[in-house]
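Trainee: Encoded as structure tokens, here's the structure I'll be asking about.
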Amino acid sequence: MTRTAPRRTVLISGASIAGPALAFWLNRHGYEVTVVEKAGTLRSGGYPIDVRGTALDVVERMGILPQLRDAHIDLRRITFLDGDGDEVTSLHPHAVTGGVTGRDLEIRRGDLTDALYTAVRDDVEFLFNDSVDTLDQNEHGVDVTFHGGGSRRFDLVFGADGMHSRTRETLFGPEEQFHRHLGYCFAVFTMPNTLGLSHETVMWNTPGRAAAVYAVGDDEEVHAFLNFARPDPPYDAFGNSDAQRALLADVFADAGWEVPGILGALHDADDVFFDAVGQIRMPRWTSGRVALLGDAAYAPSFLTGQGTSLALVGAYMLAGSLADRDHAEGFAAYEHATRDFVTLNQDLVGEGGATLFPTTAQALDRRNARLRDLSAMPAPKPRPAHSALTLPVFGAH
């Protein structure tokens, strides 16, 4: 009688995008997967995210591309306004993002998280309302104690727990040493569609400040976005919703257009997400039997529009690198094969991401002139960074 070797066990911390994507591929490659998530349920959140370039090949290989295409948001227009609320220009969004019609997807975040979860929930163990308390690595595995009590040993552990990753802090130290602040803070929340917008974004700018309203469809609610220049992160506001609202109210106190109404909606919103705009840049993403991926390892910031795509590609590359190797070789292969793609996409912030939000009057005039020129130009070419990695085929799919 032959005995098959027991499946290697892994724990993934985080059930947003990188975590379930990694769970899918690790399960496909024969691992026994557990995902732990501190939230009580999937975080749906309707604000839009982009899936572009190489990441489209990942979701196609997962078999979820057709349903994501069905969920595609047909954003038709982005209108830029000056400080008085007068129109600067109105463009197709791809002219600004470098997206490609028919090749790039923009979908509600919740539609992607639902698709990923549905693809793995029958094959993977999910532990909601819990989190990792301690990690203790040894030659036999990683001993994990959970916040909710109990402990288990896993062969490998993965941190897919976001930009402010606990896993990263536990293994590599404080976030400050890896955080590259890009000079802005932002808030996103939902508010009533008082402007009657449909499939469009309207963005108001003055030097160092921006306010936008994003209508995904013909919904009664829209997504509001506030962005402002800040040389240093306002650490006292993180984790303190009252301090966040007070800071935003102060920064936008004299703003025109519809900003007073947006601030009023901010006061009533129960889904405010506030953070500094920054990146995570690490010299290595792995330590012993633990590896990081997605925003925990290489958050690129929303200025690149590539956070979701990097999470999906990173999950595919990490799982595939482990398909027929031990963890030391697999982790080395993951870093070697994925880092250039990550760096290229993080470097998009130097190619104009931040220039959407100029901090001086002169820079704002130059940006507006460039935007007006874009409206007279032919369709843009895709940004090569989006598709700079050709997906290898790992093991048996």
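By convention in this document, the chains of the structure tokens carry letters A, B, ... by their order, each chain's residues are numbered from 1, and ligands are numbered from 1 in the order they are shown.
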Write out as a PyMOL selection string which residues come within 12 Å of segment 140-151 of chain A when counting only C-alpha atoms, dropping same-chain ones fewer than 6 positions away.
Mentor: chain A and resi 8-13+36-38+127-134+157-158+167+287-291+327
Trainee: For segment 226-233 of chain A, work out the shell of residues within 10 Å, counting only C-alpha atoms and skipping chain neighbours fewer than 3 positions away, then give it as a ChimeraX atom specification.
Mentor: /A:181-189,203-213,236-238,248,251-252,259,262-263,266,274-278,357-359
Trainee: Got a sec to tell me which of segment 87-153 of chain A DSSP assigns to helix (DSSP H, G or I), as a list in words?
Mentor: Pro93, His94, Ala95, Val96, Thr97, Arg109, Gly110, Asp111, Leu112, Thr113, Asp114, Ala115, Leu116, Tyr117, Thr118, Ala119 and Val120 of chain A
Trainee: Save the residues we just selected, all heavy atoms, as a short mmCIF file (atom, residue, chain, number, x, y, z; two decimals), in the first residue's frame?
Mentor:
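Written out: again_37.cif:
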data_model
loop_
_atom_site.label_atom_id
_atom_site.label_comp_id
_atom_site.auth_asym_id
_atom_site.auth_seq_id
_atom_site.Cartn_x
_atom_site.Cartn_y
_atom_site.Cartn_z
N PRO A 93 -11.79 58.51 -19.97
CA PRO A 93 -10.86 58.17 -18.88
C PRO A 93 -9.55 57.54 -19.35
O PRO A 93 -8.51 57.75 -18.73
CB PRO A 93 -11.68 57.20 -18.03
CG PRO A 93 -13.09 57.57 -18.30
CD PRO A 93 -13.15 58.00 -19.72
N HIS A 94 -9.59 56.75 -20.41
CA HIS A 94 -8.36 56.09 -20.86
C HIS A 94 -7.29 57.08 -21.30
O HIS A 94 -6.09 56.77 -21.25
CB HIS A 94 -8.67 55.12 -22.01
CG HIS A 94 -9.33 53.86 -21.55
ND1 HIS A 94 -9.89 52.94 -22.41
CD2 HIS A 94 -9.51 53.35 -20.30
CE1 HIS A 94 -10.40 51.94 -21.71
NE2 HIS A 94 -10.19 52.16 -20.44
N ALA A 95 -7.72 58.27 -21.72
CA ALA A 95 -6.74 59.28 -22.11
C ALA A 95 -5.87 59.68 -20.92
O ALA A 95 -4.72 60.09 -21.08
CB ALA A 95 -7.44 60.51 -22.68
N VAL A 96 -6.43 59.52 -19.72
CA VAL A 96 -5.70 59.89 -18.50
C VAL A 96 -4.96 58.70 -17.92
O VAL A 96 -3.83 58.82 -17.46
CB VAL A 96 -6.69 60.47 -17.46
CG1 VAL A 96 -5.95 60.88 -16.19
CG2 VAL A 96 -7.44 61.67 -18.04
N THR A 97 -5.60 57.51 -17.95
CA THR A 97 -5.04 56.34 -17.25
C THR A 97 -4.07 55.53 -18.08
O THR A 97 -3.31 54.72 -17.52
CB THR A 97 -6.17 55.40 -16.80
OG1 THR A 97 -6.84 54.87 -17.97
CG2 THR A 97 -7.18 56.13 -15.92
N ARG A 109 -14.96 47.08 -6.59
CA ARG A 109 -14.08 46.23 -5.79
C ARG A 109 -14.82 44.97 -5.30
O ARG A 109 -14.29 43.87 -5.33
CB ARG A 109 -13.55 47.02 -4.60
CG ARG A 109 -12.60 46.25 -3.72
CD ARG A 109 -12.21 47.07 -2.49
NE ARG A 109 -11.29 46.32 -1.66
CZ ARG A 109 -9.98 46.27 -1.85
NH1 ARG A 109 -9.44 46.93 -2.86
NH2 ARG A 109 -9.21 45.56 -1.06
N GLY A 110 -16.06 45.17 -4.85
CA GLY A 110 -16.83 44.04 -4.33
C GLY A 110 -17.09 42.97 -5.36
O GLY A 110 -17.18 41.78 -5.03
N ASP A 111 -17.22 43.35 -6.64
CA ASP A 111 -17.44 42.35 -7.68
C ASP A 111 -16.21 41.45 -7.84
O ASP A 111 -16.34 40.25 -8.11
CB ASP A 111 -17.78 43.03 -9.01
CG ASP A 111 -19.18 43.63 -9.01
OD1 ASP A 111 -20.03 43.15 -8.23
OD2 ASP A 111 -19.42 44.60 -9.75
N LEU A 112 -15.03 42.03 -7.68
CA LEU A 112 -13.81 41.21 -7.77
C LEU A 112 -13.65 40.33 -6.54
O LEU A 112 -13.36 39.14 -6.65
CB LEU A 112 -12.58 42.10 -7.96
CG LEU A 112 -11.24 41.36 -8.02
CD1 LEU A 112 -11.22 40.33 -9.14
CD2 LEU A 112 -10.07 42.33 -8.17
N THR A 113 -13.83 40.91 -5.35
CA THR A 113 -13.66 40.09 -4.14
C THR A 113 -14.69 38.96 -4.10
O THR A 113 -14.36 37.83 -3.70
CB THR A 113 -13.76 40.94 -2.85
OG1 THR A 113 -14.99 41.65 -2.84
CG2 THR A 113 -12.61 41.93 -2.77
N ASP A 114 -15.91 39.22 -4.56
CA ASP A 114 -16.92 38.16 -4.61
C ASP A 114 -16.51 37.05 -5.58
O ASP A 114 -16.67 35.87 -5.28
CB ASP A 114 -18.28 38.73 -5.05
CG ASP A 114 -18.97 39.54 -3.96
OD1 ASP A 114 -18.52 39.46 -2.80
OD2 ASP A 114 -19.94 40.26 -4.28
N ALA A 115 -16.00 37.45 -6.74
CA ALA A 115 -15.59 36.45 -7.75
C ALA A 115 -14.44 35.59 -7.23
O ALA A 115 -14.43 34.37 -7.42
CB ALA A 115 -15.20 37.15 -9.05
N LEU A 116 -13.47 36.22 -6.58
CA LEU A 116 -12.33 35.48 -6.04
C LEU A 116 -12.78 34.52 -4.94
O LEU A 116 -12.37 33.36 -4.90
CB LEU A 116 -11.28 36.45 -5.50
CG LEU A 116 -10.56 37.32 -6.53
CD1 LEU A 116 -9.72 38.39 -5.82
CD2 LEU A 116 -9.68 36.48 -7.44
N TYR A 117 -13.62 35.01 -4.04
CA TYR A 117 -14.10 34.19 -2.92
C TYR A 117 -14.91 33.00 -3.43
O TYR A 117 -14.73 31.85 -2.99
CB TYR A 117 -14.92 35.04 -1.97
CG TYR A 117 -15.50 34.29 -0.79
CD1 TYR A 117 -14.65 33.72 0.16
CD2 TYR A 117 -16.87 34.16 -0.63
CE1 TYR A 117 -15.18 33.02 1.25
CE2 TYR A 117 -17.41 33.48 0.46
CZ TYR A 117 -16.55 32.91 1.39
OH TYR A 117 -17.07 32.23 2.47
N THR A 118 -15.79 33.25 -4.39
CA THR A 118 -16.61 32.18 -4.95
C THR A 118 -15.75 31.10 -5.60
O THR A 118 -16.06 29.92 -5.54
CB THR A 118 -17.62 32.75 -5.96
OG1 THR A 118 -18.42 33.74 -5.31
CG2 THR A 118 -18.50 31.67 -6.54
N ALA A 119 -14.64 31.53 -6.20
CA ALA A 119 -13.76 30.58 -6.89
C ALA A 119 -13.01 29.67 -5.93
O ALA A 119 -12.54 28.60 -6.34
CB ALA A 119 -12.77 31.35 -7.76
N VAL A 120 -12.88 30.06 -4.65
CA VAL A 120 -12.05 29.28 -3.72
C VAL A 120 -12.79 28.76 -2.50
O VAL A 120 -12.28 27.88 -1.80
CB VAL A 120 -10.82 30.08 -3.22
CG1 VAL A 120 -9.92 30.46 -4.37
CG2 VAL A 120 -11.23 31.31 -2.43
#
Trainee: So, counting only C-alpha atoms, which residue among A:Asp271, A:Glu258, A:Asp218, A:Asp161 is closest to Gly294 of chain A?
Mentor: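 Closest candidate: A:Asp161.
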Trainee: How close does each residue of segment 101-219 of chain A get to segment 66-72 of chain A, giving the shortest atom pair and distance in Å to one decimal for every residue with an atom at most 10 Å away, counting only C-alpha atoms, sorted by chain and residue number, as a tab-separated table?
Mentor:
residue	atom	partner	partner_atom	distance
A:Gly102	CA	A:Arg69	CA	9.3
A:Arg103	CA	A:Arg69	CA	9.9
A:Asp104	CA	A:His72	CA	9.1
A:Leu105	CA	A:His72	CA	5.8
A:Glu106	CA	A:His72	CA	5.5
A:Ile107	CA	A:His72	CA	5.0
A:Arg108	CA	A:Ala71	CA	7.6
A:Asp111	CA	A:Ala71	CA	6.9
A:Leu112	CA	A:Leu68	CA	7.1
A:Ala115	CA	A:Gln67	CA	7.8
A:Val216	CA	A:His72	CA	9.9
Trainee: Which of these residues is nearest to Phe24 of chain A, using only C-alpha atoms: A:Leu91, A:Gln137, A:Gly256, A:Ala319?
Mentor: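 Among A:Leu91, A:Gln137, A:Gly256, A:Ala319, it is A:Ala319 that comes nearest to Phe24 of chain A.
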Trainee: For a quick check of understanding, using only C-alpha atoms, which of A:Thr355, A:Thr390, A:Tyr47, A:Asp84 has the smallest distance to Ala224 of chain A?
Mentor: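 Checking each candidate against Ala224 of chain A, we get A:Tyr47 as the closest.
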Trainee: When you draw a straight line from atom CA of Leu26 of chain A to atom CA of Glu335 of chain A, how long is it in Å?
Mentor: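 Calculated distance between atom CA of Leu26 of chain A and atom CA of Glu335 of chain A is 16.8 Å.
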Trainee: I'd like the neighbourhood of Ala388 of chain A as a JSON list (two decimals) with all heavy atoms, in the first residue's frame, where a residue qualifies if any of its atoms comes within 10 Å (using only C-alpha atoms), though same-chain residues fewer than 2 positions away should be ignored.
Mentor:
[["chain", "number", "residue", "atom", "x", "y", "z"],
["A", 53, "GLY", "N", -3.61, 44.72, -18.17],
["A", 53, "GLY", "CA", -2.38, 44.10, -18.65],
["A", 53, "GLY", "C", -2.23, 42.66, -18.21],
["A", 53, "GLY", "O", -3.14, 41.83, -18.37],
["A", 54, "THR", "N", -1.08, 42.34, -17.61],
["A", 54, "THR", "CA", -0.77, 40.97, -17.21],
["A", 54, "THR", "C", -1.82, 40.41, -16.26],
["A", 54, "THR", "O", -2.11, 39.21, -16.27],
["A", 54, "THR", "CB", 0.62, 40.93, -16.55],
["A", 54, "THR", "OG1", 1.58, 41.48, -17.46],
["A", 54, "THR", "CG2", 1.02, 39.51, -16.21],
["A", 340, "ASP", "N", 11.08, 42.97, -10.98],
["A", 340, "ASP", "CA", 11.20, 43.99, -12.03],
["A", 340, "ASP", "C", 9.84, 44.52, -12.44],
["A", 340, "ASP", "O", 9.67, 45.73, -12.69],
["A", 340, "ASP", "CB", 11.93, 43.42, -13.26],
["A", 340, "ASP", "CG", 13.43, 43.26, -13.02],
["A", 340, "ASP", "OD1", 13.92, 43.75, -11.99],
["A", 340, "ASP", "OD2", 14.09, 42.64, -13.87],
["A", 341, "PHE", "N", 8.86, 43.63, -12.52],
["A", 341, "PHE", "CA", 7.50, 44.04, -12.89],
["A", 341, "PHE", "C", 6.93, 44.97, -11.83],
["A", 341, "PHE", "O", 6.32, 46.00, -12.15],
["A", 341, "PHE", "CB", 6.63, 42.79, -13.04],
["A", 341, "PHE", "CG", 5.19, 43.07, -13.39],
["A", 341, "PHE", "CD1", 4.85, 43.59, -14.63],
["A", 341, "PHE", "CD2", 4.17, 42.81, -12.48],
["A", 341, "PHE", "CE1", 3.51, 43.83, -14.97],
["A", 341, "PHE", "CE2", 2.84, 43.06, -12.80],
["A", 341, "PHE", "CZ", 2.52, 43.57, -14.04],
["A", 342, "VAL", "N", 7.13, 44.61, -10.58],
["A", 342, "VAL", "CA", 6.66, 45.45, -9.48],
["A", 342, "VAL", "C", 7.30, 46.83, -9.53],
["A", 342, "VAL", "O", 6.63, 47.86, -9.45],
["A", 342, "VAL", "CB", 6.94, 44.76, -8.12],
["A", 342, "VAL", "CG1", 6.83, 45.75, -6.97],
["A", 342, "VAL", "CG2", 5.99, 43.59, -7.91],
["A", 344, "LEU", "N", 8.76, 48.43, -11.98],
["A", 344, "LEU", "CA", 8.35, 49.19, -13.17],
["A", 344, "LEU", "C", 7.00, 49.86, -12.93],
["A", 344, "LEU", "O", 6.79, 51.03, -13.29],
["A", 344, "LEU", "CB", 8.28, 48.24, -14.36],
["A", 344, "LEU", "CG", 8.30, 48.82, -15.76],
["A", 344, "LEU", "CD1", 9.59, 49.60, -16.02],
["A", 344, "LEU", "CD2", 8.16, 47.69, -16.79],
["A", 345, "ASN", "N", 6.08, 49.15, -12.28],
["A", 345, "ASN", "CA", 4.76, 49.70, -12.04],
["A", 345, "ASN", "C", 4.76, 50.70, -10.89],
["A", 345, "ASN", "O", 4.04, 51.70, -10.93],
["A", 345, "ASN", "CB", 3.75, 48.58, -11.82],
["A", 345, "ASN", "CG", 3.32, 47.94, -13.12],
["A", 345, "ASN", "OD1", 2.50, 48.48, -13.84],
["A", 345, "ASN", "ND2", 3.91, 46.80, -13.46],
["A", 383, "ARG", "N", 0.13, 51.67, -21.50],
["A", 383, "ARG", "CA", 1.40, 51.85, -20.80],
["A", 383, "ARG", "C", 2.12, 50.52, -20.74],
["A", 383, "ARG", "O", 1.58, 49.53, -20.24],
["A", 383, "ARG", "CB", 1.14, 52.40, -19.40],
["A", 383, "ARG", "CG", 0.61, 53.83, -19.47],
["A", 383, "ARG", "CD", 0.67, 54.53, -18.13],
["A", 383, "ARG", "NE", 0.27, 55.92, -18.31],
["A", 383, "ARG", "CZ", -0.32, 56.65, -17.38],
["A", 383, "ARG", "NH1", -0.59, 56.13, -16.21],
["A", 383, "ARG", "NH2", -0.64, 57.91, -17.61],
["A", 384, "PRO", "N", 3.34, 50.45, -21.23],
["A", 384, "PRO", "CA", 4.03, 49.15, -21.31],
["A", 384, "PRO", "C", 4.22, 48.49, -19.96],
["A", 384, "PRO", "O", 4.27, 47.26, -19.88],
["A", 384, "PRO", "CB", 5.38, 49.50, -21.96],
["A", 384, "PRO", "CG", 5.52, 50.98, -21.88],
["A", 384, "PRO", "CD", 4.14, 51.54, -21.82],
["A", 385, "ALA", "N", 4.29, 49.26, -18.89],
["A", 385, "ALA", "CA", 4.49, 48.66, -17.56],
["A", 385, "ALA", "C", 3.35, 47.70, -17.21],
["A", 385, "ALA", "O", 3.56, 46.70, -16.51],
["A", 385, "ALA", "CB", 4.60, 49.75, -16.50],
["A", 386, "HIS", "N", 2.14, 48.00, -17.69],
["A", 386, "HIS", "CA", 0.98, 47.18, -17.32],
["A", 386, "HIS", "C", 1.14, 45.74, -17.78],
["A", 386, "HIS", "O", 0.60, 44.82, -17.16],
["A", 386, "HIS", "CB", -0.30, 47.76, -17.94],
["A", 386, "HIS", "CG", -0.65, 49.12, -17.44],
["A", 386, "HIS", "ND1", -1.62, 49.90, -18.04],
["A", 386, "HIS", "CD2", -0.17, 49.86, -16.41],
["A", 386, "HIS", "CE1", -1.72, 51.06, -17.40],
["A", 386, "HIS", "NE2", -0.85, 51.05, -16.40],
["A", 390, "THR", "N", 5.28, 38.55, -18.92],
["A", 390, "THR", "CA", 4.54, 37.49, -19.59],
["A", 390, "THR", "C", 4.40, 36.33, -18.61],
["A", 390, "THR", "O", 5.40, 35.82, -18.10],
["A", 390, "THR", "CB", 5.30, 37.01, -20.85],
["A", 390, "THR", "OG1", 5.44, 38.12, -21.75],
["A", 390, "THR", "CG2", 4.54, 35.90, -21.55],
["A", 391, "LEU", "N", 3.18, 35.94, -18.34],
["A", 391, "LEU", "CA", 2.94, 34.90, -17.33],
["A", 391, "LEU", "C", 3.52, 33.57, -17.76],
["A", 391, "LEU", "O", 3.19, 33.06, -18.84],
["A", 391, "LEU", "CB", 1.44, 34.70, -17.09],
["A", 391, "LEU", "CG", 0.69, 35.74, -16.28],
["A", 391, "LEU", "CD1", -0.73, 35.24, -16.03],
["A", 391, "LEU", "CD2", 1.39, 36.08, -14.98]]
Trainee: Taking the chain letters and numbering used in this document, name the residues of segment 22-206 of chain A that DSSP puts in strand (DSSP E or B), as a PyMOL selection string.
Mentor: chain A and resi 32-37+48-51+77-81+87-91+105-108+125-128+132-138+141-146+151-154+156-159+179-192+200-206
Trainee: Would you please work out which residue, of A:Met191, A:Leu81, A:Ala243, A:Leu135, is nearest to Arg153 of chain A when using only C-alpha atoms?
Mentor: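 Closest to Arg153 of chain A of all the choices is A:Leu135.
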Trainee: Out of A:Ala269, A:Leu374, A:Ile280, A:Ala160, which residue has the shortest atom-to-atom distance to Ala15 of chain A when counting only C-alpha atoms?
Mentor: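 Of A:Ala269, A:Leu374, A:Ile280, A:Ala160, the one nearest Ala15 of chain A is A:Ala160, counting only C-alpha atoms.
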Trainee: Quick check, in Å to one decimal: how far apart do atom CA of Arg180 of chain A and atom CA of Ser241 of chain A lie?
Mentor: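 Separating atom CA of Arg180 of chain A from atom CA of Ser241 of chain A is a distance of 23.2 Å.
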Trainee: I'd like the contact shell of Glu175 of chain A - 10 Å cut-off, only C-alpha atoms, skipping same-chain residues fewer than 2 positions apart - returned as a list in words.
Mentor: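 With the cut-off at 10 Å, the set is Met163, His164, Ser165, Arg166, Arg168, Glu169, Phe172, Gly173, Gln177, Phe178, His179, Arg180, Ile280 and Ala296 of chain A.
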Trainee: What is the distance between atom CA of Val51 of chain A and atom CA of Gly307 of chain A, in Å to one decimal?
Mentor: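 Atom CA of Gly307 of chain A lies 9.0 Å from atom CA of Val51 of chain A.
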Trainee: Which residue gives the smallest distance to Leu171 of chain A among A:Ala297, A:Ala246, A:Leu371, A:Val88, with only C-alpha atoms counted?
Mentor: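 Of the candidates, the smallest distance to Leu171 of chain A is held by A:Ala297.
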